[in-house]
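So the structure is just underneath, and the comments pick up after that.
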Amino acid sequence: MADRKPIESWLTDMDGVLIHEGVPIPGADAFLKKLRESGKPFLVLTNNSIYTPRDLHARLRRMGLEVPVDNIWTSALATAKFLDDQRPGGTAYVIGEAGLTTALHDIGYVLTDHEPDYVVLGETRTYSFEAMTKAVRLINDGARFICTNPDETGPSTEGPLPATGAVAALITKATGKQPYFAGKPNPLMMRTGLNAIGAHSESSAMIGDRMDTDVLAGIEAGMQTYLVLTGLTQPEQVENFPYRPSKIVGSIADLVERI
């Protein structure tokens, strides 16, 4: 890290870094406050595509964490940016919630189940057999398969829930077609996020709690990476991966003085 440029912008995951099951992790408020006061570009990222940035801003505020709407980047926004670049003004059949449908509406996409250009799968708490059947048939008829993120499970107070990656596997099994995942660990999500705040990877850092998404995405985007131990990846698991973060810290509280 001695040869790296000083960190001028920060990207951080949300669940497991700033909050855990709806409760702020100690130090998160101080970290965000110092970021805002520093004037440095920053983004809070999430692979969850259910909520719009405005929704997430309100949810975080209720927890006592202040993150401006423009500083929130979701896999739904990354997916919309990718589709807008690939096929402007296209059409899509969407399985997902307001975070995803709003992002696609905002880029001028028409949501339809009649010969869509894409089937776009995102997060929802109400996956239906009917919707999955429709997706399978549309993909078999030629629609391209896009997913917001590869996470196979998501957190809840009752325990893990099936998530986008698990449903994508079902559709892949039925169609033989692999999806393109726009969210982490695809570095596309990091690079589009960096572009959104005018930041550069060589002087940016990514903070996450997962080696397989956050740290991997940061490394592949050319960023410095910090693994916090308040989420999924535990210290003894780090050596199981063929790559390492730039630094491992206990929690977000340990990074406040680095801003």
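Convention: chains lettered A, B, ... in structure tokens order; per-chain residue numbering from 1; ligands numbered from 1 as shown.
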Handout entry: Surrounding residues of range 82-95 of chain A excluding itself and chain neighbours under 6 positions, 9 Å, only C-alpha atoms, as a PyMOL selection string
Key = chain A and resi 101+104+107-124+127+131-132+134-135+138+143+182+188+192
Handout entry: Spatial neighbours of Leu161 in chain A, 9 Å, only C-alpha atoms, chain gap at least 4 places, as a list in words
Key =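 After dropping sequence-adjacent residues, the list is Arg125, Glu152, Thr153, Gly154, Pro155 and Ser156 of chain A.
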Near Leu45 in chain A, within 7 Å and counting only C-alpha atoms, which residues show up once chain neighbours fewer than 3 positions away are dropped, as a PDB file with N, CA and C atoms, in the first residue's frame?
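Writing done, so here's part.pdb:
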```
ATOM      1  N   LEU A  11     -15.691   4.273  -0.987  1.00  0.00           N
ATOM      2  CA  LEU A  11     -16.898   3.512  -1.265  1.00  0.00           C
ATOM      3  C   LEU A  11     -17.064   2.506  -0.134  1.00  0.00           C
ATOM      4  N   THR A  12     -18.265   2.370   0.373  1.00  0.00           N
ATOM      5  CA  THR A  12     -18.482   1.416   1.452  1.00  0.00           C
ATOM      6  C   THR A  12     -19.768   0.646   1.239  1.00  0.00           C
ATOM      7  N   ASP A  13     -19.708  -0.641   1.553  1.00  0.00           N
ATOM      8  CA  ASP A  13     -20.913  -1.447   1.564  1.00  0.00           C
ATOM      9  C   ASP A  13     -21.795  -0.972   2.724  1.00  0.00           C
ATOM     10  N   MET A  14     -23.064  -1.358   2.705  1.00  0.00           N
ATOM     11  CA  MET A  14     -23.999  -0.917   3.743  1.00  0.00           C
ATOM     12  C   MET A  14     -24.221  -1.993   4.801  1.00  0.00           C
ATOM     13  N   ILE A  72     -25.750   7.413  -2.586  1.00  0.00           N
ATOM     14  CA  ILE A  72     -26.188   6.026  -2.480  1.00  0.00           C
ATOM     15  C   ILE A  72     -26.206   5.402  -3.874  1.00  0.00           C
ATOM     16  N   TRP A  73     -25.571   4.240  -4.013  1.00  0.00           N
ATOM     17  CA  TRP A  73     -25.453   3.559  -5.299  1.00  0.00           C
ATOM     18  C   TRP A  73     -25.892   2.115  -5.122  1.00  0.00           C
ATOM     19  N   THR A  74     -26.906   1.705  -5.863  1.00  0.00           N
ATOM     20  CA  THR A  74     -27.463   0.365  -5.726  1.00  0.00           C
ATOM     21  C   THR A  74     -27.198  -0.472  -6.967  1.00  0.00           C
TER      22      THR A  74
END
```
Practice task
List the neighbours of Gly208 in chain A out to 7 Å using only C-alpha atoms; skip same-chain residues closer than 3 positions along the sequence, and give me the result as a list of chain:residue names.
Solution key: A:Thr12, A:Asp13, A:Val17, A:Asp214, A:Val215, A:Tyr226, A:Leu227, A:Val228
How about saving the chosen residues, C-alpha atoms kept, as an mmCIF file, in the first residue's frame?
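File selection_8.cif, as written:
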```cif
data_model
loop_
_atom_site.group_PDB
_atom_site.id
_atom_site.type_symbol
_atom_site.label_atom_id
_atom_site.label_comp_id
_atom_site.auth_asym_id
_atom_site.auth_seq_id
_atom_site.Cartn_x
_atom_site.Cartn_y
_atom_site.Cartn_z
ATOM 1 C CA THR A 12 -18.482 1.416 1.452
ATOM 2 C CA ASP A 13 -20.913 -1.447 1.564
ATOM 3 C CA VAL A 17 -20.383 -2.395 7.501
ATOM 4 C CA ASP A 214 -16.949 -6.343 -1.722
ATOM 5 C CA VAL A 215 -13.218 -7.064 -1.589
ATOM 6 C CA TYR A 226 -10.617 -2.779 3.610
ATOM 7 C CA LEU A 227 -12.324 -5.818 5.120
ATOM 8 C CA VAL A 228 -14.296 -5.194 8.315
#
```
Problem - Gly64 in chain A surroundings by only C-alpha atoms, 12 Å radius, close-in-sequence under 5 positions cut, as a list in words - result: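 Result of the neighbour search: Leu18, Ile19, Gly22, Val23, Pro24, Ile25, Pro26, Gly27, Ala28, Asp29, Ala30, Leu32, Lys33, His57, Ala58 and Arg59 of chain A.
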Write a file of the just-selected residues containing N, CA and C atoms, as a PDB file, in the first residue's frame.
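selection_5.pdb, written as the output of this step:
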```
ATOM      1  N   LEU A  18     -22.051  -0.662   7.807  1.00  0.00           N
ATOM      2  CA  LEU A  18     -22.680   0.485   8.472  1.00  0.00           C
ATOM      3  C   LEU A  18     -23.835   0.063   9.376  1.00  0.00           C
ATOM      4  N   ILE A  19     -24.565  -0.970   8.957  1.00  0.00           N
ATOM      5  CA  ILE A  19     -25.709  -1.437   9.739  1.00  0.00           C
ATOM      6  C   ILE A  19     -25.707  -2.957   9.793  1.00  0.00           C
ATOM      7  N   GLY A  22     -30.748  -3.793  10.685  1.00  0.00           N
ATOM      8  CA  GLY A  22     -31.498  -2.587  10.989  1.00  0.00           C
ATOM      9  C   GLY A  22     -30.954  -1.743  12.118  1.00  0.00           C
ATOM     10  N   VAL A  23     -29.777  -2.093  12.639  1.00  0.00           N
ATOM     11  CA  VAL A  23     -29.167  -1.342  13.746  1.00  0.00           C
ATOM     12  C   VAL A  23     -27.802  -0.827  13.299  1.00  0.00           C
ATOM     13  N   PRO A  24     -27.511   0.466  13.533  1.00  0.00           N
ATOM     14  CA  PRO A  24     -26.201   0.997  13.137  1.00  0.00           C
ATOM     15  C   PRO A  24     -25.063   0.292  13.870  1.00  0.00           C
ATOM     16  N   ILE A  25     -23.990   0.023  13.167  1.00  0.00           N
ATOM     17  CA  ILE A  25     -22.792  -0.536  13.781  1.00  0.00           C
ATOM     18  C   ILE A  25     -22.015   0.606  14.434  1.00  0.00           C
ATOM     19  N   PRO A  26     -21.552   0.442  15.673  1.00  0.00           N
ATOM     20  CA  PRO A  26     -20.827   1.512  16.358  1.00  0.00           C
ATOM     21  C   PRO A  26     -19.700   2.084  15.496  1.00  0.00           C
ATOM     22  N   GLY A  27     -19.685   3.395  15.381  1.00  0.00           N
ATOM     23  CA  GLY A  27     -18.680   4.072  14.569  1.00  0.00           C
ATOM     24  C   GLY A  27     -19.184   4.498  13.215  1.00  0.00           C
ATOM     25  N   ALA A  28     -20.315   3.932  12.768  1.00  0.00           N
ATOM     26  CA  ALA A  28     -20.834   4.264  11.437  1.00  0.00           C
ATOM     27  C   ALA A  28     -21.218   5.733  11.343  1.00  0.00           C
ATOM     28  N   ASP A  29     -21.883   6.251  12.389  1.00  0.00           N
ATOM     29  CA  ASP A  29     -22.306   7.657  12.356  1.00  0.00           C
ATOM     30  C   ASP A  29     -21.101   8.587  12.326  1.00  0.00           C
ATOM     31  N   ALA A  30     -20.072   8.265  13.104  1.00  0.00           N
ATOM     32  CA  ALA A  30     -18.863   9.095  13.133  1.00  0.00           C
ATOM     33  C   ALA A  30     -18.138   9.045  11.795  1.00  0.00           C
ATOM     34  N   LEU A  32     -19.465   8.456   8.760  1.00  0.00           N
ATOM     35  CA  LEU A  32     -20.228   9.204   7.760  1.00  0.00           C
ATOM     36  C   LEU A  32     -20.150  10.704   8.009  1.00  0.00           C
ATOM     37  N   LYS A  33     -20.179  11.099   9.268  1.00  0.00           N
ATOM     38  CA  LYS A  33     -20.089  12.531   9.609  1.00  0.00           C
ATOM     39  C   LYS A  33     -18.748  13.103   9.144  1.00  0.00           C
ATOM     40  N   HIS A  57     -32.145   6.439   1.840  1.00  0.00           N
ATOM     41  CA  HIS A  57     -31.825   7.658   2.589  1.00  0.00           C
ATOM     42  C   HIS A  57     -32.752   7.797   3.795  1.00  0.00           C
ATOM     43  N   ALA A  58     -34.040   7.589   3.574  1.00  0.00           N
ATOM     44  CA  ALA A  58     -35.013   7.717   4.662  1.00  0.00           C
ATOM     45  C   ALA A  58     -34.823   6.622   5.701  1.00  0.00           C
ATOM     46  N   ARG A  59     -34.569   5.395   5.261  1.00  0.00           N
ATOM     47  CA  ARG A  59     -34.376   4.280   6.192  1.00  0.00           C
ATOM     48  C   ARG A  59     -33.136   4.494   7.050  1.00  0.00           C
TER      49      ARG A  59
END
```
Exercise for the section: Kindly give the distance, in Å, that separates CA of Arg191 in chain A and CA of Ala76 in chain A, rounded to a single decimal. Expected result: 14.5 Å
Exercise for the section: Check the smallest atom-to-atom distance from each of A:Ala205, A:Ala174, A:Arg4, A:Glu220 to Leu255 in chain A using only C-alpha atoms, then report the winner. Expected result: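 Between A:Ala205, A:Ala174, A:Arg4, A:Glu220, the residue approaching Leu255 in chain A most closely is A:Ala205.
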Handout entry: Secondary structure check, helix (DSSP H, G or I) residues of range 47-227 of chain A, as a ChimeraX atom specification
Key = /A:53-62,69-71,75-86,98-106,129-140,164-175,187-196,201-203,211-220
